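Peer 1: Below is the structure I would like to discuss, written out as structure tokens.
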Amino acid sequence: MKRDLTMDDLVIAGIAVIAGLLAAFLLRMLLRWLGKHADRTRWSGDDVIVDALRTAVPWAAVAGGAATAAAALPLTATVQHNVNQVLTVLLIFVVTVAVARVVAGLMRSVTQSRPGVAGSATIFVNITRVLILAIGFLVVLQTLGISIAPMLTALGVGGLAVALALQDTLANLFAGIHILASKTVQPGDYIRLSSGEEGYVEDINWRQTTVRSLSNNLVVIPNGELAKTNMTNFMRPEQQLTILVQAGVAYDSDLEQVERVTIEVVAEVMTEITGALPDHEPLVRFHTFGDSRIGFTVILGVGEFSDQYRIKHEFIKRLHKRYRAEGIRIPAPTRTVALQQGAVVIPQQRGAETEPSEVPSARLD
């Protein structure tokens, strides 16, 4: 010690510590009040910032009170230096954690606020958090007087060995970064792979992409495989899409009446069914003279990929009911069977091309 410890020194140190604790308590109460106001705003970023400050600011006040108390006491230079280093390391750690939480939270909020995105892309969030924590760790080492140059050199040599040992893992990591950076696939998109897997993208992390199928099962796909396979994204360039429904009517049908009735049913479905596009222009296109029917295509508009099943269901029901009411005949399937010398020969199968009342012909040689 430089001099003897007196009662005044203890009183001043105690006042400094109490002041730091009181300031931490008041600041925490203030930030809690700010947090309630932040909850009322539409932007979720202020919630993240206030939540991070609620952890960092009180600890900074406590560290400031402790540093003031240490400065008031007659400590030796070595002890004073050690106390300052401990408090500095504590402050750096708290600030680093707070910054990592703020940046990760803001990235997550930006991802969630984008239209059509259901979850956060954790690959960017996790990489950013790790980088900030690593920088804070290096700053702590430098503060303690530990040279980080040999460590960086060792990390460079060791990183080469690790890269060779973890080729598949690193391939998945960079494939995930490429997928998100190119914006070909993002959380919330509905995709279908050439191998048959399809569903909504739940998340893209550092190794794999999680897809939730319509049956509510999770399909896990390595990022490297996702980047190499052929894929259809039904949410891009826009979420709305058109679907085609094939139909056919008998040759004795009035095609003008068929077109008019079908368009009326399409307009009704587009207006009344959830997930349809009310502004969609009803379209009917005749395209084929079949063996016993005239084929045509009906074009429907849907809001997103999963809506098509409900819209097709309602359209077919209503179209069939309306055709029956209007007297429009829909040909039924038939099969021609020929009997030759006791053997059954099926020359061909005709699809949806004859009336239900017709009886398949048979010939016996």
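Identifiers in the structure tokens: chain A, B, ... in order shown; residue index from 1 per chain; ligand index from 1 in order shown.
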So that each row is one residue of stretch 72-99 of chain A with an atom at most 10 Å from stretch 48-52 of chain A, can you give its shortest atom pair and the distance in Å to one decimal, using only C-alpha atoms, rows by chain and rising number, as a tab-separated table?
Peer 2:
```
residue	atom	partner	partner_atom	distance
A:Val94	CA	A:Ala52	CA	9.8
A:Val95	CA	A:Ala52	CA	9.3
A:Val97	CA	A:Ala52	CA	8.4
A:Ala98	CA	A:Ala52	CA	5.1
A:Val99	CA	A:Ala52	CA	7.6
```
Peer 1: Can you check which residues of stretch 281-317 of chain A DSSP gives as strand (DSSP E or B) on the backbone and send them as a ChimeraX atom specification?
Peer 2: /A:283-289,294-302
Peer 1: Mind dumping a table of every stretch 141-215 of chain A residue within 12 Å of stretch 67-82 of chain A, with the nearest atom pair and its distance in Å to one decimal, using only C-alpha atoms, sorted by chain and rising number, as a tab-separated table?
Peer 2:
```
residue	atom	partner	partner_atom	distance
A:Thr143	CA	A:Asn82	CA	11.3
A:Leu144	CA	A:Asn82	CA	9.4
A:Gly145	CA	A:Asn82	CA	11.7
```
Peer 1: Check stretch 121-290 of chain A with DSSP on the backbone and list each residue it calls helix (DSSP H, G or I), as a PyMOL selection string.
Peer 2: chain A and resi 122-143+149-165+167-182+223-228+255-272
Peer 1: Give me the stretch 124-208 of chain A side of the contact with stretch 213-219 of chain A, cut-off 9 Å, one line per residue showing its nearest atom pair and distance in Å at one decimal, counting only C-alpha atoms, sorted by chain and residue number, as JSON lines.
Peer 2:
```
{"residue": "A:Glu197", "atom": "CA", "partner": "A:Val219", "partner_atom": "CA", "distance": 7.7}
{"residue": "A:Glu198", "atom": "CA", "partner": "A:Ser213", "partner_atom": "CA", "distance": 6.0}
{"residue": "A:Gly199", "atom": "CA", "partner": "A:Ser213", "partner_atom": "CA", "distance": 4.0}
{"residue": "A:Tyr200", "atom": "CA", "partner": "A:Ser213", "partner_atom": "CA", "distance": 6.3}
{"residue": "A:Val201", "atom": "CA", "partner": "A:Ser213", "partner_atom": "CA", "distance": 8.8}
{"residue": "A:Glu202", "atom": "CA", "partner": "A:Leu218", "partner_atom": "CA", "distance": 8.7}
```
Peer 1: If you count only C-alpha atoms, which residues fall within 6 Å of stretch 173-180 of chain A, apart from same-chain ones fewer than 3 positions away, as a ChimeraX atom specification?
Peer 2: /A:170,183,206-207,223-224
Peer 1: Within 7 Å of A:Arg329, counting only C-alpha atoms, which residues show up once you throw out same-chain ones fewer than 2 positions away? Write them as a PyMOL selection string, please.
Peer 2: chain A and resi 249-250+327+331
Peer 1: Would you pick out the contacts of A:Ile132 at 12 Å or less, using only C-alpha atoms, so that residues sharing its chain but fewer than 5 positions from it are not included, and give the list as a VMD selection string?
Peer 2: chain A and resid 92 to 93 95 to 104 125 to 127 137 to 139
Peer 1: What does the file look like for those residues with C-alpha atoms, as a compact mmCIF listing (two decimals), in the first residue's frame?
Peer 2:
```txt
# COMPACT_ATOMS: atom_id res chain seq x y z
CA ILE A 92 -15.36 -6.10 -22.67
CA PHE A 93 -17.12 -9.42 -22.15
CA VAL A 95 -20.20 -5.36 -24.26
CA THR A 96 -19.25 -8.17 -26.66
CA VAL A 97 -22.20 -10.33 -25.60
CA ALA A 98 -24.55 -7.35 -25.86
CA VAL A 99 -23.31 -6.42 -29.35
CA ALA A 100 -23.62 -10.05 -30.50
CA ARG A 101 -27.20 -10.19 -29.22
CA VAL A 102 -28.11 -6.88 -30.87
CA VAL A 103 -26.64 -7.75 -34.26
CA ALA A 104 -28.08 -11.29 -34.26
CA VAL A 125 -27.16 -15.22 -37.49
CA ASN A 126 -24.87 -17.90 -36.07
CA ILE A 127 -21.86 -16.91 -38.18
CA PHE A 137 -12.05 -12.80 -27.13
CA LEU A 138 -9.05 -11.50 -29.08
CA VAL A 139 -9.55 -8.03 -27.57
```
Peer 1: Report the distance between atom CA of A:Leu141 and atom CA of A:Arg54 in Å, rounded to one decimal place.
Peer 2: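 Separation of atom CA of A:Leu141 and atom CA of A:Arg54: 26.0 Å.
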Peer 1: In Å, rounded to a single decimal, give me how far atom CA of A:Gln308 is from atom CA of A:Gly275.
Peer 2: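 Pair atom CA of A:Gly275 / atom CA of A:Gln308 returns 8.1 Å.
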Peer 1: Which one is closest to A:Glu304: A:Met270, A:Val140, A:Leu241, A:Val265? Count only C-alpha atoms.
Peer 2: A:Leu241
Peer 1: Could you check which of A:Arg212, A:Arg32, A:Lys312, A:His287 is closest to A:Leu53, using only C-alpha atoms?
Peer 2: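 Once distances to A:Leu53 are computed over only C-alpha atoms, the minimum belongs to A:Arg32.
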Peer 1: Which residue is closest to A:Val266? Choose from A:Ser194, A:Ser147, A:Thr297, A:Ser306 and count only C-alpha atoms.
Peer 2: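 Residue with the minimum atom-to-atom distance to A:Val266: A:Thr297.
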